[in-house]
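This is structure-v9.cif. It holds mmCIF, C-alpha atoms (C1' of nucleotides).
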```cif
data_start
#
loop_
_atom_site.label_atom_id
_atom_site.label_comp_id
_atom_site.auth_asym_id
_atom_site.auth_seq_id
_atom_site.Cartn_x
_atom_site.Cartn_y
_atom_site.Cartn_z
CA MET A 8 63.09 95.29 218.14
CA CYS A 9 62.09 94.74 221.66
CA GLY A 10 61.53 97.11 224.46
CA MET A 11 61.08 99.88 221.96
CA THR A 12 57.48 100.19 222.88
CA PRO A 13 57.32 102.71 225.66
CA ALA A 14 55.99 100.94 228.69
CA THR A 15 54.20 98.31 226.70
CA ALA A 16 52.35 97.05 229.69
CA LYS A 17 52.64 96.70 233.38
CA SER A 18 52.43 93.05 234.14
CA GLU A 19 51.56 91.69 230.75
CA GLN A 20 54.69 90.11 229.44
CA VAL A 21 55.24 89.14 225.88
CA ASP A 22 56.72 85.92 224.61
CA SER A 23 56.55 86.11 220.89
CA PRO A 24 56.61 82.72 219.18
CA VAL A 25 56.83 84.38 215.80
CA LYS A 26 60.03 84.35 213.83
CA ALA A 27 61.06 87.41 211.92
CA PRO A 28 64.36 86.39 210.37
CA VAL A 29 66.70 88.98 208.98
CA ASP A 30 67.85 88.64 205.41
CA ASN A 31 71.35 89.98 205.22
CA ALA A 32 74.08 91.92 206.92
CA HIS A 33 72.62 95.33 206.16
CA ASP A 34 69.17 94.44 207.39
CA ALA A 35 70.71 93.13 210.58
CA ALA A 36 72.65 96.34 210.96
CA TRP A 37 69.53 98.38 210.48
CA GLN A 38 67.67 96.31 213.03
CA ALA A 39 70.50 96.80 215.50
CA LEU A 40 70.57 100.51 214.84
CA ARG A 41 66.85 100.85 215.22
CA GLY A 42 66.81 98.72 218.32
CA ALA A 43 69.58 100.65 220.01
CA TYR A 44 67.96 103.96 219.22
CA HIS A 45 64.58 102.99 220.59
CA LEU A 46 66.04 101.26 223.58
CA LEU A 47 67.89 104.36 224.67
CA THR A 48 65.26 106.96 223.87
CA ASP A 49 62.38 104.95 225.32
CA ARG A 50 64.28 104.20 228.47
CA PHE A 51 65.46 107.77 228.90
CA GLU A 52 61.94 109.04 228.38
CA LYS A 53 60.53 106.55 230.84
CA GLU A 54 63.06 107.31 233.55
CA LEU A 55 62.40 111.01 233.13
CA THR A 56 58.67 110.70 233.62
CA ASP A 57 59.21 108.30 236.48
CA ALA A 58 61.29 111.02 238.11
CA GLY A 59 58.54 113.57 237.53
CA LEU A 60 60.60 115.41 234.94
CA PRO A 61 59.78 116.66 231.44
CA GLY A 62 60.52 114.54 228.38
CA LEU A 63 63.31 114.25 225.88
CA ALA A 64 62.21 117.14 223.69
CA TRP A 65 62.40 119.54 226.60
CA TYR A 66 65.83 118.19 227.47
CA ASP A 67 67.09 118.87 223.97
CA VAL A 68 65.82 122.43 224.02
CA LEU A 69 67.14 123.21 227.48
CA LEU A 70 70.50 121.65 226.72
CA MET A 71 70.97 123.69 223.60
CA MET A 72 69.91 126.90 225.27
CA GLU A 73 72.32 126.39 228.11
CA ARG A 74 75.11 125.50 225.74
CA THR A 75 74.76 128.54 223.53
CA GLY A 76 74.60 130.73 226.62
CA GLN A 77 72.90 133.53 224.75
CA PRO A 78 69.46 134.27 223.32
CA ILE A 79 68.61 131.94 220.50
CA ARG A 80 65.93 132.09 217.85
CA PRO A 81 63.46 129.30 217.10
CA LYS A 82 64.58 129.02 213.50
CA ASP A 83 68.07 128.21 214.72
CA MET A 84 66.82 125.35 216.84
CA LEU A 85 64.91 123.62 214.08
CA CYS A 86 67.96 121.68 212.96
CA HIS A 87 68.58 120.29 216.39
CA VAL A 88 65.18 119.11 217.50
CA SER A 89 62.88 116.58 215.91
CA VAL A 90 59.89 118.80 215.32
CA THR A 91 58.58 121.09 212.65
CA LYS A 92 58.10 124.82 212.90
CA SER A 93 54.60 124.57 214.30
CA GLY A 94 55.58 121.80 216.65
CA LEU A 95 58.42 123.90 217.96
CA THR A 96 56.17 126.90 218.50
CA ARG A 97 53.89 124.88 220.71
CA LEU A 98 56.73 123.10 222.46
CA LEU A 99 58.13 126.51 223.37
CA ASP A 100 54.65 127.62 224.41
CA ARG A 101 54.51 124.85 226.95
CA MET A 102 58.02 125.46 228.18
CA GLU A 103 57.38 129.17 228.57
CA LYS A 104 54.14 128.45 230.39
CA ALA A 105 56.09 126.18 232.71
CA GLY A 106 58.54 129.00 233.34
CA LEU A 107 61.60 127.24 231.97
CA ILE A 108 62.24 129.66 229.13
CA GLU A 109 61.37 133.22 228.28
CA ARG A 110 60.46 134.89 225.03
CA SER A 111 61.56 138.42 224.26
CA TYR A 112 61.65 140.66 221.24
CA CYS A 113 64.44 140.16 218.78
CA PRO A 114 66.04 143.55 218.16
CA SER A 115 67.65 142.74 214.84
CA ASP A 116 64.60 141.20 213.17
CA ARG A 117 61.10 142.11 214.19
CA ARG A 118 59.75 138.91 212.71
CA GLY A 119 61.79 136.87 215.13
CA THR A 120 61.79 136.00 218.77
CA PHE A 121 64.55 135.72 221.30
CA LEU A 122 64.51 132.75 223.61
CA SER A 123 66.42 132.56 226.85
CA ILE A 124 66.59 129.95 229.55
CA THR A 125 65.43 130.90 233.03
CA ASP A 126 66.84 129.86 236.37
CA ASP A 127 64.05 127.33 236.68
CA GLY A 128 65.04 126.02 233.29
CA ARG A 129 68.65 125.61 234.32
CA ASP A 130 67.52 123.93 237.50
CA THR A 131 65.29 121.50 235.67
CA LEU A 132 68.09 120.69 233.26
CA ALA A 133 70.35 120.04 236.20
CA ARG A 134 67.85 117.52 237.53
CA MET A 135 67.53 115.83 234.16
CA ARG A 136 71.24 115.37 233.68
CA PRO A 137 71.82 112.60 236.22
CA VAL A 138 68.97 110.65 234.67
CA ARG A 139 70.65 110.86 231.32
CA GLU A 140 73.99 109.97 232.85
CA ARG A 141 72.52 106.89 234.41
CA VAL A 142 70.60 105.62 231.40
CA PHE A 143 73.38 106.23 228.94
CA GLY A 144 75.94 104.99 231.37
CA GLU A 145 74.17 101.68 231.76
CA ASN A 146 73.21 101.13 228.15
CA PHE A 147 75.73 103.01 226.09
CA THR A 148 78.79 104.52 227.65
CA GLY A 149 79.32 101.52 229.86
CA VAL A 150 78.78 99.09 227.02
CA LEU A 151 80.96 100.60 224.34
CA SER A 152 84.60 101.38 224.86
CA ARG A 153 85.92 104.71 223.76
CA ASP A 154 87.40 103.17 220.65
CA GLU A 155 84.16 101.44 219.84
CA ALA A 156 82.26 104.67 220.28
CA GLU A 157 84.58 106.38 217.83
CA GLU A 158 84.03 103.54 215.44
CA VAL A 159 80.28 103.98 215.67
CA THR A 160 80.73 107.66 214.95
CA ALA A 161 82.87 106.92 211.93
CA LEU A 162 80.56 104.26 210.52
CA LEU A 163 77.27 106.06 211.02
CA GLY A 164 78.78 109.38 210.12
CA GLN A 165 79.03 108.03 206.60
CA VAL A 166 75.28 107.68 206.53
CA ARG A 167 74.84 111.34 207.28
CA GLU A 168 77.38 112.42 204.75
CA SER A 169 75.66 110.36 202.09
CA THR A 170 72.76 112.79 201.95
CA PHE A 171 74.93 115.83 202.11
CA ALA A 172 76.66 114.51 199.06
CA SER A 173 73.92 113.02 196.94
CA LEU A 174 70.78 114.93 197.64
CA SER A 175 70.19 118.57 198.34
CA ALA A 176 71.03 119.03 201.97
CA GLU A 177 67.76 120.37 203.25
CA CYS A 178 69.51 121.59 206.33
CA ALA A 179 72.89 123.20 206.15
CA CYS A 180 73.84 122.86 209.76
CA ASP A 181 77.35 123.52 210.75
CA GLU A 182 79.41 120.44 211.37
CA GLU A 183 80.16 121.41 214.94
CA MET B 20 70.85 116.35 213.76
CA CYS B 21 69.83 117.69 210.46
CA GLY B 22 67.22 116.64 208.03
CA MET B 23 65.50 114.77 210.78
CA THR B 24 62.62 117.11 210.67
CA PRO B 25 60.17 115.65 208.20
CA ALA B 26 59.72 118.12 205.40
CA THR B 27 60.66 121.10 207.48
CA ALA B 28 59.60 123.49 204.82
CA LYS B 29 59.28 123.90 201.12
CA SER B 30 61.51 126.74 200.14
CA GLU B 31 62.57 127.96 203.52
CA GLN B 32 66.11 126.84 203.98
CA VAL B 33 67.90 126.76 207.24
CA ASP B 34 71.41 127.98 207.89
CA SER B 35 71.99 127.61 211.57
CA PRO B 36 74.75 129.84 212.89
CA VAL B 37 74.50 128.20 216.28
CA LYS B 38 77.22 125.93 217.55
CA ALA B 39 76.28 122.81 219.46
CA PRO B 40 79.62 121.19 220.22
CA VAL B 41 79.83 117.60 221.29
CA ASP B 42 81.63 116.76 224.48
CA ASN B 43 83.22 113.37 224.06
CA ALA B 44 83.43 110.24 222.00
CA HIS B 45 80.24 108.70 223.35
CA ASP B 46 78.18 111.81 222.81
CA ALA B 47 79.46 111.98 219.28
CA ALA B 48 78.52 108.35 218.76
CA TRP B 49 75.05 108.98 220.09
CA GLN B 50 74.65 111.98 217.82
CA ALA B 51 75.73 109.91 214.86
CA LEU B 52 73.37 107.11 215.81
CA ARG B 53 70.48 109.45 216.29
CA GLY B 54 71.24 111.30 213.09
CA ALA B 55 71.47 108.15 211.03
CA TYR B 56 68.25 106.80 212.43
CA HIS B 57 66.25 109.93 211.75
CA LEU B 58 67.81 110.46 208.38
CA LEU B 59 66.73 107.05 207.18
CA THR B 60 63.29 106.90 208.74
CA ASP B 61 62.34 110.44 207.80
CA ARG B 62 63.50 109.98 204.27
CA PHE B 63 61.78 106.64 203.89
CA GLU B 64 58.57 108.08 205.28
CA LYS B 65 58.76 111.08 202.99
CA GLU B 66 59.41 109.06 199.87
CA LEU B 67 56.51 106.79 200.74
CA THR B 68 54.02 109.62 201.07
CA ASP B 69 55.42 111.25 197.95
CA ALA B 70 54.64 108.01 196.14
CA GLY B 71 51.11 108.00 197.52
CA LEU B 72 51.83 105.01 199.72
CA PRO B 73 51.17 104.35 203.42
CA GLY B 74 53.81 105.08 206.02
CA LEU B 75 56.49 103.14 207.82
CA ALA B 76 54.21 101.60 210.44
CA TRP B 77 52.07 99.99 207.76
CA TYR B 78 55.21 98.73 206.06
CA ASP B 79 56.37 97.05 209.23
CA VAL B 80 53.04 95.34 209.75
CA LEU B 81 52.67 94.21 206.16
CA LEU B 82 56.24 92.97 206.03
CA MET B 83 55.87 90.88 209.11
CA MET B 84 52.57 89.43 208.00
CA GLU B 85 53.96 88.42 204.66
CA ARG B 86 57.04 86.93 206.26
CA THR B 87 55.21 84.75 208.72
CA GLY B 88 52.95 83.55 205.95
CA GLN B 89 50.25 82.53 208.37
CA PRO B 90 47.66 84.19 210.55
CA ILE B 91 49.28 86.20 213.29
CA ARG B 92 47.91 87.67 216.48
CA PRO B 93 48.26 91.30 217.53
CA LYS B 94 50.04 90.39 220.76
CA ASP B 95 52.76 88.73 218.71
CA MET B 96 53.33 91.87 216.70
CA LEU B 97 53.78 94.14 219.68
CA CYS B 98 57.49 93.38 219.95
CA HIS B 99 58.13 94.30 216.36
CA VAL B 100 56.30 97.58 215.93
CA SER B 101 56.77 100.83 217.77
CA VAL B 102 53.30 101.21 219.20
CA THR B 103 51.41 100.22 222.27
CA LYS B 104 48.48 97.84 222.45
CA SER B 105 45.90 100.52 221.86
CA GLY B 106 47.94 102.10 219.12
CA LEU B 107 48.20 98.76 217.40
CA THR B 108 44.48 98.17 217.64
CA ARG B 109 43.75 101.38 215.81
CA LEU B 110 46.57 100.90 213.35
CA LEU B 111 45.03 97.57 212.43
CA ASP B 112 41.62 99.22 212.29
CA ARG B 113 42.85 101.58 209.61
CA MET B 114 44.62 98.86 207.69
CA GLU B 115 41.57 96.64 207.77
CA LYS B 116 39.39 99.54 206.66
CA ALA B 117 41.81 100.08 203.79
CA GLY B 118 41.44 96.43 202.86
CA LEU B 119 45.08 95.50 203.36
CA ILE B 120 44.51 93.03 206.18
CA GLU B 121 41.65 90.94 207.50
CA ARG B 122 40.60 90.06 211.00
CA SER B 123 39.13 86.67 211.81
CA TYR B 124 38.35 84.68 214.91
CA CYS B 125 41.17 82.88 216.60
CA PRO B 126 40.11 79.28 217.13
CA SER B 127 42.54 78.46 219.91
CA ASP B 128 41.82 81.49 222.09
CA ARG B 129 38.53 83.29 221.95
CA ARG B 130 40.06 86.40 223.45
CA GLY B 131 42.35 86.72 220.48
CA THR B 132 42.14 87.72 216.87
CA PHE B 133 43.70 86.30 213.76
CA LEU B 134 45.18 88.71 211.28
CA SER B 135 45.93 87.87 207.70
CA ILE B 136 47.23 89.90 204.81
CA THR B 137 45.01 90.34 201.78
CA ASP B 138 45.97 90.43 198.12
CA ASP B 139 45.69 94.19 198.24
CA GLY B 140 48.00 94.15 201.21
CA ARG B 141 50.58 92.09 199.37
CA ASP B 142 50.25 94.37 196.39
CA THR B 143 50.77 97.48 198.48
CA LEU B 144 53.78 95.93 200.13
CA ALA B 145 55.17 95.13 196.71
CA ARG B 146 54.87 98.79 195.76
CA MET B 147 56.54 99.90 198.98
CA ARG B 148 59.53 97.64 198.59
CA PRO B 149 61.29 99.49 195.77
CA VAL B 150 60.98 102.71 197.74
CA ARG B 151 62.74 101.08 200.65
CA GLU B 152 65.35 99.58 198.37
CA ARG B 153 66.09 102.97 196.91
CA VAL B 154 66.28 104.92 200.14
CA PHE B 155 68.32 102.33 202.00
CA GLY B 156 70.43 101.69 198.97
CA GLU B 157 71.40 105.33 198.68
CA ASN B 158 71.88 106.05 202.36
CA PHE B 159 72.80 102.78 203.99
CA THR B 160 73.54 99.73 201.92
CA GLY B 161 75.49 101.74 199.41
CA VAL B 162 77.40 103.59 202.08
CA LEU B 163 78.46 100.76 204.35
CA SER B 164 80.34 97.75 203.11
CA ARG B 165 79.19 94.33 204.19
CA ASP B 166 81.96 94.15 206.76
CA GLU B 167 81.08 97.55 208.10
CA ALA B 168 77.44 96.56 208.37
CA GLU B 169 78.41 93.52 210.39
CA GLU B 170 80.50 95.74 212.59
CA VAL B 171 77.55 98.01 213.22
CA THR B 172 75.49 94.98 214.15
CA ALA B 173 78.14 93.78 216.56
CA LEU B 174 78.66 97.15 218.19
CA LEU B 175 75.04 98.16 218.58
CA GLY B 176 74.01 94.65 219.43
CA GLN B 177 75.89 95.13 222.67
CA VAL B 178 73.55 97.96 223.52
CA ARG B 179 70.58 95.70 223.23
CA GLU B 180 72.14 92.95 225.21
CA SER B 181 72.95 95.39 227.98
CA THR B 182 69.30 95.62 228.96
CA PHE B 183 68.68 91.95 228.62
CA ALA B 184 71.45 91.44 231.10
CA SER B 185 71.06 94.22 233.62
CA LEU B 186 67.41 95.06 233.80
CA SER B 187 64.35 92.94 233.59
CA ALA B 188 63.84 92.25 229.95
CA GLU B 189 60.41 93.63 229.47
CA CYS B 190 60.08 91.82 226.19
CA ALA B 191 61.39 88.34 225.83
CA CYS B 192 61.45 88.21 222.08
CA ASP B 193 63.19 85.38 220.40
CA GLU B 194 66.58 86.29 219.05
CA GLU B 195 65.60 85.51 215.47
"C1'" DT C 8 35.03 73.01 241.06
"C1'" DC C 9 35.49 77.47 241.90
"C1'" DG C 10 37.24 82.13 242.56
"C1'" DG C 11 40.83 85.33 241.86
"C1'" DA C 12 44.61 86.76 238.90
"C1'" DA C 13 46.54 87.31 234.42
"C1'" DT C 14 45.81 88.08 229.54
"C1'" DA C 15 43.85 89.84 224.74
"C1'" DG C 16 41.91 93.26 222.58
"C1'" DT C 17 38.94 97.46 222.50
"C1'" DT C 18 37.49 102.11 223.71
"C1'" DG C 19 37.14 107.06 225.88
"C1'" DC C 20 39.78 110.77 226.78
"C1'" DC C 21 43.43 113.57 226.10
"C1'" DT C 22 48.02 115.38 224.39
"C1'" DG C 23 51.54 116.04 220.94
"C1'" DG C 24 52.54 117.28 216.60
"C1'" DG C 25 52.15 117.71 211.23
"C1'" DC C 26 50.19 120.48 207.30
"C1'" DA C 27 48.54 124.41 205.31
"C1'" DA C 28 47.28 129.08 205.60
"C1'" DC C 29 47.89 133.52 207.61
"C1'" DG C 30 49.88 138.38 209.16
"C1'" DG C 31 53.77 140.86 209.83
"C1'" DT C 32 58.45 141.67 208.26
"C1'" DT C 33 62.57 141.78 205.45
"C1'" DG C 34 65.03 141.47 201.14
"C1'" DT C 35 65.44 142.43 196.26
"C1'" DA C 36 64.93 143.75 191.67
"C1'" DA C 37 62.69 146.89 188.43
"C1'" DT D 7 60.21 154.05 195.50
"C1'" DT D 8 57.50 150.27 194.72
"C1'" DA D 9 56.07 145.67 193.85
"C1'" DC D 10 56.85 141.11 194.75
"C1'" DA D 11 59.08 137.16 196.70
"C1'" DA D 12 61.04 134.89 200.68
"C1'" DC D 13 60.96 134.38 205.41
"C1'" DC D 14 59.64 134.01 210.68
"C1'" DG D 15 56.59 132.63 213.87
"C1'" DT D 16 51.72 131.58 215.01
"C1'" DT D 17 47.29 129.33 214.57
"C1'" DG D 18 43.18 126.22 212.96
"C1'" DC D 19 42.29 121.84 211.80
"C1'" DC D 20 43.08 117.28 211.93
"C1'" DC D 21 45.11 112.66 212.94
"C1'" DA D 22 48.13 109.30 215.36
"C1'" DG D 23 48.92 107.37 219.48
"C1'" DG D 24 49.55 106.85 224.83
"C1'" DC D 25 47.17 105.90 229.34
"C1'" DA D 26 43.78 103.95 231.93
"C1'" DA D 27 39.59 101.55 232.33
"C1'" DC D 28 36.67 97.97 230.64
"C1'" DT D 29 34.84 93.24 228.86
"C1'" DA D 30 35.58 88.75 227.76
"C1'" DT D 31 38.32 84.88 228.22
"C1'" DT D 32 41.84 81.84 230.03
"C1'" DC D 33 44.89 80.22 233.57
"C1'" DC D 34 45.93 78.49 238.09
"C1'" DG D 35 45.88 77.34 242.83
"C1'" DA D 36 43.04 76.15 246.90
#
```

Rewrite the structure of this file - the entire thing - as structure tokens.
Amino acid sequence: MCGMTPATAKSEQVDSPVKAPVDNAHDAAWQALRGAYHLLTDRFEKELTDAGLPGLAWYDVLLMMERTGQPIRPKDMLCHVSVTKSGLTRLLDRMEKAGLIERSYCPSDRRGTFLSITDDGRDTLARMRPVRERVFGENFTGVLSRDEAEEVTALLGQVRESTFASLSAECACDEE
Amino acid sequence: MCGMTPATAKSEQVDSPVKAPVDNAHDAAWQALRGAYHLLTDRFEKELTDAGLPGLAWYDVLLMMERTGQPIRPKDMLCHVSVTKSGLTRLLDRMEKAGLIERSYCPSDRRGTFLSITDDGRDTLARMRPVRERVFGENFTGVLSRDEAEEVTALLGQVRESTFASLSAECACDEE
DNA sequence: TCGGAATAGTTGCCTGGGCAACGGTTGTAA
DNA sequence: TTACAACCGTTGCCCAGGCAACTATTCCGA
């Protein structure tokens, strides 16, 4: 689990003499999974800030809004971003304040809000995309072949399905 | 990316009508990876708090301290936990305050600190273990065969190695 | 030996985000 | 119709944690 710490230090380098052996195949798999996840997200986040761009959460929101192409309501985004209701409210506050999205009244439900992406939002997303391309290209797309990627999907997809099956799926998202 | 939101709500259930299609094999793999990671960590965290136990960060620290079996220094933990220096300092503050670890002077380097796990710490770790066993058993170990787990390790291990090769490895941890 | 650079850990300041409670709205059953 | 429950989004309060600056110590080259 290295490099998962976002910008651990500038010049202070670490050379851990401590052993943390892994017990079995599943623990090793979990370590690899965790390591890969943090490696990619931390690096993506870092490259974004280095480029003077907003972080990963903003990217997720902008991407979804551009993809849907129509006004979307906060409750419909909850499944796709890693924040709670209140967190999302304030995330959208910041994004609206920055002029990347707009809030309007939802005609069909006066409790709700309509969110739409602005031109500035689309522009910002356009500037974030190459960063993502680069990071994922170097550490993911360029490392795994297409077949291997599909294998990852198949293997880890089972993990997701396990909760849909066993426990009450606390989020009934559509399976694309 | 569902269920990744920690305890999104009590009775409010989500039924997203919004499509978020995935472009290609690598995006799908990334979605699966991200989903699996959040599913497991969120669930583990939730079950821990439900059981009145500390969270995942404390588990990581306690686990490592018990494994090494000897006093360990904060700088040697940095590679293995997802926090920065300052975050680790305060994490250890809380754990010491809770009586799970102890700080003592490091004889070989007066800048440093020695950390050791207390009996209470070992006891807490012992109570956390079954929770981890259960969660990972249901959603990981029980879902992937041993061969599949090894495959995950091999595939995602490549991701880690990609940064060791291309970019400056900002953390030269030992490879177990 | 000595002075500057690197390192270990701590702290002040600030932001992001979770939980719980709230007001306004919609749905539903009596 | 009228209660009452569920829901949507917001807000107050709080905590975890990152960045940068700081002190104390160690390392290293002149």

Kindly assemble as JSON lines a list of the chain A residues that lie within 9 Å of chain C, each paired with its nearest atom pair and their distance in Å to one decimal, using only C-alpha atoms (C1' of nucleotides), sorted first by chain and then by ascending residue number.
```
{"residue": "A:Ser18", "atom": "CA", "partner": "C:DA13", "partner_atom": "C1'", "distance": 8.2}
{"residue": "A:Glu19", "atom": "CA", "partner": "C:DT14", "partner_atom": "C1'", "distance": 6.9}
{"residue": "A:Val90", "atom": "CA", "partner": "C:DG24", "partner_atom": "C1'", "distance": 7.6}
{"residue": "A:Thr91", "atom": "CA", "partner": "C:DG25", "partner_atom": "C1'", "distance": 7.4}
{"residue": "A:Ser93", "atom": "CA", "partner": "C:DG25", "partner_atom": "C1'", "distance": 7.9}
{"residue": "A:Gly94", "atom": "CA", "partner": "C:DG24", "partner_atom": "C1'", "distance": 5.4}
{"residue": "A:Leu95", "atom": "CA", "partner": "C:DG24", "partner_atom": "C1'", "distance": 9.0}
{"residue": "A:Arg97", "atom": "CA", "partner": "C:DG24", "partner_atom": "C1'", "distance": 8.7}
{"residue": "A:Leu98", "atom": "CA", "partner": "C:DG23", "partner_atom": "C1'", "distance": 8.9}
{"residue": "A:Asp116", "atom": "CA", "partner": "C:DT32", "partner_atom": "C1'", "distance": 7.9}
{"residue": "A:Arg117", "atom": "CA", "partner": "C:DT32", "partner_atom": "C1'", "distance": 6.5}
{"residue": "A:Arg118", "atom": "CA", "partner": "C:DT32", "partner_atom": "C1'", "distance": 5.4}
```

*May I ask which of the residues B:Gly176, B:Gly54, B:Gly131, B:Gly140 is the closest one to chain D, counting only C-alpha atoms (C1' of nucleotides)?*
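Using only C-alpha atoms (C1' of nucleotides), the shortest distance to chain D belongs to B:Gly131.
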
*Using the chain letters and numbering of this document, enumerate as a ChimeraX atom specification the residues selected by the PyMOL selection byres ((chain D) within 8 of (chain B)).*
/D:12-13,23-24,30-32

*Looking at B:Ala76, B:Ala70, B:Leu82, B:Leu144, which one is nearest to chain A, with distances taken over all atoms listed in the file?*
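Ranked by minimum distance to chain A, first place goes to B:Leu82.
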
*asked:* Given the PyMOL selection byres ((chain B and resi 133) around 6) and the file above, list the residues it selects as a ChimeraX atom specification.
replied: /B:90-92,122-125,132,134

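When CA of Leu97 in chain B is paired with CA of Ser135 in chain B, their separation reads 15.6 Å.
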
Would you compute an axis-aligned box for range 26-32 of chain D, covering every atom listed for it in the file with 3 Å of margin on each side, and report centre and edge lengths in Å to one decimal as AutoDock Vina command-line options?
```
--center_x 39.3 --center_y 92.9 --center_z 230.0 --size_x 14.9 --size_y 28.1 --size_z 10.6
```
